[in-house]
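Novice: As input, take structure08.txt (compact mmCIF, C-alpha atoms):
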# COMPACT_ATOMS: atom_id res chain seq x y z
CA MET A 1 146.80 103.88 118.05
CA PHE A 2 144.27 106.00 116.15
CA GLY A 3 145.53 104.61 112.82
CA ARG A 4 144.96 101.04 113.95
CA HIS A 5 141.32 101.74 114.90
CA LEU A 6 140.81 103.47 111.57
CA MET A 7 142.25 100.46 109.71
CA VAL A 8 140.01 98.02 111.63
CA ALA A 9 136.95 100.17 110.85
CA TRP A 10 137.92 100.30 107.17
CA VAL A 11 138.40 96.50 106.93
CA THR A 12 135.05 95.94 108.68
CA ALA A 13 133.30 98.31 106.25
CA VAL A 14 134.85 96.59 103.22
CA LEU A 15 133.90 93.12 104.47
CA THR A 16 130.34 94.23 105.26
CA ALA A 17 129.98 95.82 101.82
CA GLY A 18 131.25 92.62 100.21
CA LEU A 19 128.84 90.46 102.17
CA VAL A 20 125.91 92.73 101.32
CA ALA A 21 126.89 92.69 97.63
CA CYS A 22 127.11 88.89 97.60
CA SER A 23 123.77 88.53 99.35
CA GLY A 24 121.82 90.82 97.05
CA GLY A 25 121.89 93.82 99.39
CA SER A 26 118.29 93.70 100.53
CA GLY A 27 118.75 95.19 103.97
CA GLY A 28 120.97 92.41 105.21
CA ALA A 29 118.75 89.61 103.99
CA ASP A 30 119.60 87.65 100.92
CA GLY A 31 116.23 87.66 99.23
CA GLY A 32 115.12 84.13 99.91
CA THR A 33 118.06 81.76 100.32
CA GLY A 34 117.89 81.81 104.10
CA TYR A 35 121.10 83.68 104.98
CA VAL A 36 121.20 86.88 107.00
CA VAL A 37 124.28 89.07 106.67
CA GLY A 38 125.70 90.54 109.86
CA ALA A 39 127.32 89.43 113.06
CA ASP A 40 125.55 87.01 115.34
CA ASP A 41 125.92 86.92 119.12
CA SER A 42 129.02 84.70 118.94
CA GLY A 43 130.82 87.05 116.53
CA GLY A 44 130.25 84.98 113.38
CA ALA A 45 130.01 86.69 110.00
CA ALA A 46 126.71 85.19 108.82
CA THR A 47 123.90 83.29 110.47
CA ARG A 48 121.40 80.91 108.92
CA ARG A 49 117.68 81.33 109.42
CA THR A 50 114.97 78.91 108.49
CA ALA A 51 113.35 79.35 105.10
CA PRO A 52 109.81 80.73 105.16
CA GLU A 53 107.00 78.24 104.88
CA PRO A 54 105.44 78.09 101.40
CA ASP A 55 102.16 79.97 101.11
CA THR A 56 99.28 77.59 101.60
CA VAL A 57 95.66 78.38 100.90
CA SER A 58 92.55 76.88 102.38
CA GLY A 59 88.91 77.03 101.45
CA ARG A 60 85.89 75.05 100.38
CA ARG A 61 86.31 72.97 97.22
CA ASP A 62 84.09 74.26 94.44
CA THR A 63 85.11 72.83 91.05
CA VAL A 64 88.08 71.03 89.53
CA ARG A 65 89.34 71.34 85.97
CA HIS A 66 91.89 69.41 83.94
CA TRP A 67 93.44 70.88 80.80
CA PRO A 68 95.08 68.10 78.76
CA VAL A 69 98.27 68.77 76.85
CA LYS A 70 97.61 70.33 73.45
CA THR A 71 100.02 69.62 70.60
CA ALA A 72 100.28 70.58 66.94
CA ARG A 73 102.15 69.02 64.06
CA ALA A 74 105.23 70.97 62.96
CA THR A 75 108.35 70.51 60.84
CA ARG A 76 111.99 71.26 61.55
CA PRO A 77 115.27 70.75 59.69
CA HIS A 78 116.58 67.19 59.84
CA LEU A 79 120.24 67.21 60.87
CA VAL A 80 122.64 64.38 60.04
CA ARG A 81 126.23 63.89 61.13
CA LYS A 82 128.73 64.26 58.30
CA CYS A 83 132.36 63.34 58.90
CA THR A 84 135.46 63.96 56.84
CA THR A 85 138.90 62.40 57.31
CA GLY A 86 142.29 63.77 56.41
CA THR A 87 145.94 63.95 57.32
CA ARG A 88 148.15 66.70 58.66
CA ARG A 89 151.88 67.04 59.05
CA VAL A 90 153.04 67.38 62.67
CA ARG A 91 156.46 68.80 63.63
CA HIS A 92 158.37 67.33 66.60
CA THR A 93 161.58 68.61 68.17
CA SER A 94 163.98 67.22 70.72
CA GLY A 95 166.98 68.98 72.24
CA THR A 96 170.16 67.76 73.89
CA GLY A 97 173.05 69.55 75.50
CA THR A 98 173.37 73.09 76.85
CA GLY A 99 174.86 76.37 75.75
CA THR A 100 176.97 76.24 72.58
CA ARG A 101 176.83 72.45 72.50
CA ARG A 102 173.06 72.42 72.29
CA ARG A 103 171.67 70.35 69.44
CA THR A 104 168.08 70.27 68.27
CA ARG A 105 166.68 67.35 66.33
CA THR A 106 163.50 67.92 64.26
CA TRP A 107 161.31 65.29 62.64
CA TYR A 108 157.88 65.19 61.08
CA THR A 109 155.07 62.64 61.26
CA THR A 110 151.77 62.33 59.46
CA GLU A 111 148.71 62.30 61.74
CA ARG A 112 145.25 61.20 60.65
CA TYR A 113 142.21 63.13 61.93
CA ARG A 114 138.44 62.98 61.63
CA SER A 115 136.24 66.07 61.69
CA CYS A 116 132.46 65.76 62.19
CA ARG A 117 129.66 68.31 62.03
CA LYS A 118 125.88 68.30 61.68
CA VAL A 119 124.45 69.33 58.33
CA ARG A 120 120.88 69.82 57.19
CA SER A 121 119.35 67.03 55.14
CA GLY A 122 115.68 67.69 54.46
CA THR A 123 113.00 68.17 57.11
CA GLU A 124 111.32 66.04 59.77
CA SER A 125 107.90 66.33 61.38
CA TYR A 126 107.29 66.32 65.13
CA ARG A 127 104.58 67.18 67.68
CA ARG A 128 105.01 70.66 69.16
CA VAL A 129 103.50 71.41 72.59
CA VAL A 130 101.09 74.35 72.24
CA ARG A 131 99.67 74.21 75.79
CA ALA A 132 101.13 72.33 78.73
CA GLU A 133 98.96 70.06 80.88
CA LYS A 134 97.33 71.86 83.83
CA TRP A 135 95.33 70.76 86.85
CA CYS A 136 93.17 73.38 88.56
CA VAL A 137 90.98 73.66 91.66
CA ARG A 138 88.47 76.45 92.34
CA LEU A 139 87.89 77.42 95.99
CA ASP A 140 85.22 79.36 97.85
CA ASP A 141 85.78 81.18 101.18
CA VAL A 142 89.50 81.42 100.47
CA ASP A 143 91.46 81.64 103.75
CA GLY A 144 88.21 82.13 105.66
CA ASP A 145 87.15 85.25 103.72
CA LYS A 146 83.50 84.78 102.71
CA ALA A 147 83.84 87.48 100.01
CA ARG A 148 86.62 85.60 98.17
CA ASP A 149 84.75 83.03 96.10
CA ASP A 150 85.51 81.32 92.80
CA VAL A 151 89.30 81.68 92.97
CA TRP A 152 91.18 79.32 90.62
CA TYR A 153 94.52 77.78 91.62
CA ARG A 154 96.88 75.65 89.54
CA VAL A 155 97.90 72.59 91.53
CA THR A 156 99.99 69.46 91.15
CA ARG A 157 98.51 66.23 89.85
CA ALA A 158 98.51 64.76 93.37
CA VAL A 159 96.50 67.67 94.83
CA TYR A 160 94.11 67.44 91.87
CA GLY A 161 93.59 63.74 92.64
CA ASP A 162 92.88 64.58 96.29
CA ALA A 163 90.39 67.24 95.21
CA LEU A 164 88.58 64.72 93.00
CA ASP A 165 88.31 62.36 95.96
CA THR A 166 86.81 64.98 98.30
CA ASP A 167 83.18 66.07 98.31
CA ARG A 168 82.13 69.39 96.87
CA HIS A 169 82.22 72.18 99.50
CA ALA A 170 84.62 70.15 101.68
CA ARG A 171 87.47 72.09 103.30
CA MET A 172 90.82 71.79 101.52
CA LYS A 173 94.26 73.10 102.36
CA PHE A 174 97.13 72.93 99.85
CA THR A 175 100.08 74.79 98.40
CA PRO A 176 99.19 76.07 94.92
CA ALA A 177 101.59 75.92 91.99
CA GLY A 178 100.12 79.17 90.65
CA THR A 179 96.99 81.27 90.42
CA GLY A 180 94.46 81.41 87.63
CA CYS A 181 93.50 78.65 85.28
Now that the file is in, can you turn its structure into structure tokens?
Specialist:
Amino acid sequence: MFGRHLMVAWVTAVLTAGLVACSGGSGGADGGTGYVVGADDSGGAATRRTAPEPDTVSGRRDTVRHWPVKTARATRPHLVRKCTTGTRRVRHTSGTGTGTRRRTRTWYTTERYRSCRKVRSGTESYRRVVRAEKWCVRLDDVDGDKARDDVWYRVTRAVYGDALDTDRHARMKFTPAGTGC
């Protein structure tokens, strides 16, 4: 009887260790995918929780800024496809019978093939992106804190368009794509 309880405890420990290892091992939580490792009230192995809401910020609109994409002219190798054709001899076998009466017939055929690869043939010019396009909004009184003024947030193009349409010092609430601009 004692051996059975010990075996059940061992299996439970191994399964729990495996679940924690698969989930990232952050104290039973998975680190952001929404799964919690452990038994729920019904005896299930894992329960699903709702994902946290994205961090939104609010404040008074101060200034907006748009950074257009910046490109530079550059060169790179021009690659062309070069193909070669050829033939190879292929061996075929066929067997009949069993044991000492087994006979094997062998014949050969010629198979054509084509082999292609990319080779360098000069250079080509292209436009390289030096700086990606950014849209930014600067807020005052961030999250109701009067001391937090002039904080820049990178936003999506849609939020930037909304900020352009609002009056200066109007309250705005959005989810930033990043901080700084």
Novice: So how far away is CA of Thr179 in chain A from CA of Tyr153 in chain A, in Å?
Specialist: 4.4 Å
Novice: Please identify all polymer residues within 12 Å of His78 in chain A, counting only C-alpha atoms, omitting same-chain residues fewer than 3 positions from it, and present them as a ChimeraX atom specification.
Specialist: /A:75,81,118-126
Novice: Residues of the last selection are to be written out with C-alpha atoms, as a PDB file, keeping the file's coordinate frame.
Specialist:
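For reference, again-v7.pdb as written:
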ATOM      1  CA  THR A  75     108.350  70.510  60.840  1.00  0.00           C
ATOM      2  CA  ARG A  81     126.230  63.890  61.130  1.00  0.00           C
ATOM      3  CA  LYS A 118     125.880  68.300  61.680  1.00  0.00           C
ATOM      4  CA  VAL A 119     124.450  69.330  58.330  1.00  0.00           C
ATOM      5  CA  ARG A 120     120.880  69.820  57.190  1.00  0.00           C
ATOM      6  CA  SER A 121     119.350  67.030  55.140  1.00  0.00           C
ATOM      7  CA  GLY A 122     115.680  67.690  54.460  1.00  0.00           C
ATOM      8  CA  THR A 123     113.000  68.170  57.110  1.00  0.00           C
ATOM      9  CA  GLU A 124     111.320  66.040  59.770  1.00  0.00           C
ATOM     10  CA  SER A 125     107.900  66.330  61.380  1.00  0.00           C
ATOM     11  CA  TYR A 126     107.290  66.320  65.130  1.00  0.00           C
TER      12      TYR A 126
END
Novice: CA of Trp135 in chain A and CA of Asp149 in chain A are how many Å apart?
Specialist: 18.7 Å
Novice: Just give me the gap between CA of Arg114 in chain A and CA of His92 in chain A in Å, one decimal is fine.
Specialist: 21.0 Å
Novice: Can you tell me which residues surround range 66-74 of chain A at a distance of at most 10 Å, considering all atoms listed in the file, apart from same-chain residues fewer than 3 positions away, and format the answer as a list in words?
Specialist: Glu124, Ser125, Tyr126, Arg127, Arg128, Val129, Val130, Arg131, Ala132, Glu133, Lys134, Trp135, Cys136, Val137, Arg154, Arg157, Tyr160 and Cys181 of chain A
Novice: Skipping near chain neighbours, those fewer than 5 positions away, what residues fall within 8 Å of Phe174 in chain A using all atoms listed in the file, listed as a ChimeraX atom specification?
Specialist: /A:56-58,159
Novice: Skip Met172 in chain A itself and residues of its chain fewer than 4 positions away, then list as a ChimeraX atom specification all residues within 8 Å of it, counting only C-alpha atoms.
Specialist: /A:58-61,163
Novice: Between A:Asp62, A:Gly86, A:Thr96, A:Arg171, which has the minimum distance to Asp143 in chain A (counting only C-alpha atoms)?
Specialist: A:Arg171
Novice: Looking at only C-alpha atoms, which of A:Cys116, A:Leu79, A:Leu139, A:Val64 is the one that sits closest to Gly161 in chain A?
Specialist: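 Ranking A:Cys116, A:Leu79, A:Leu139, A:Val64 by distance to Gly161 in chain A, first place goes to A:Val64.
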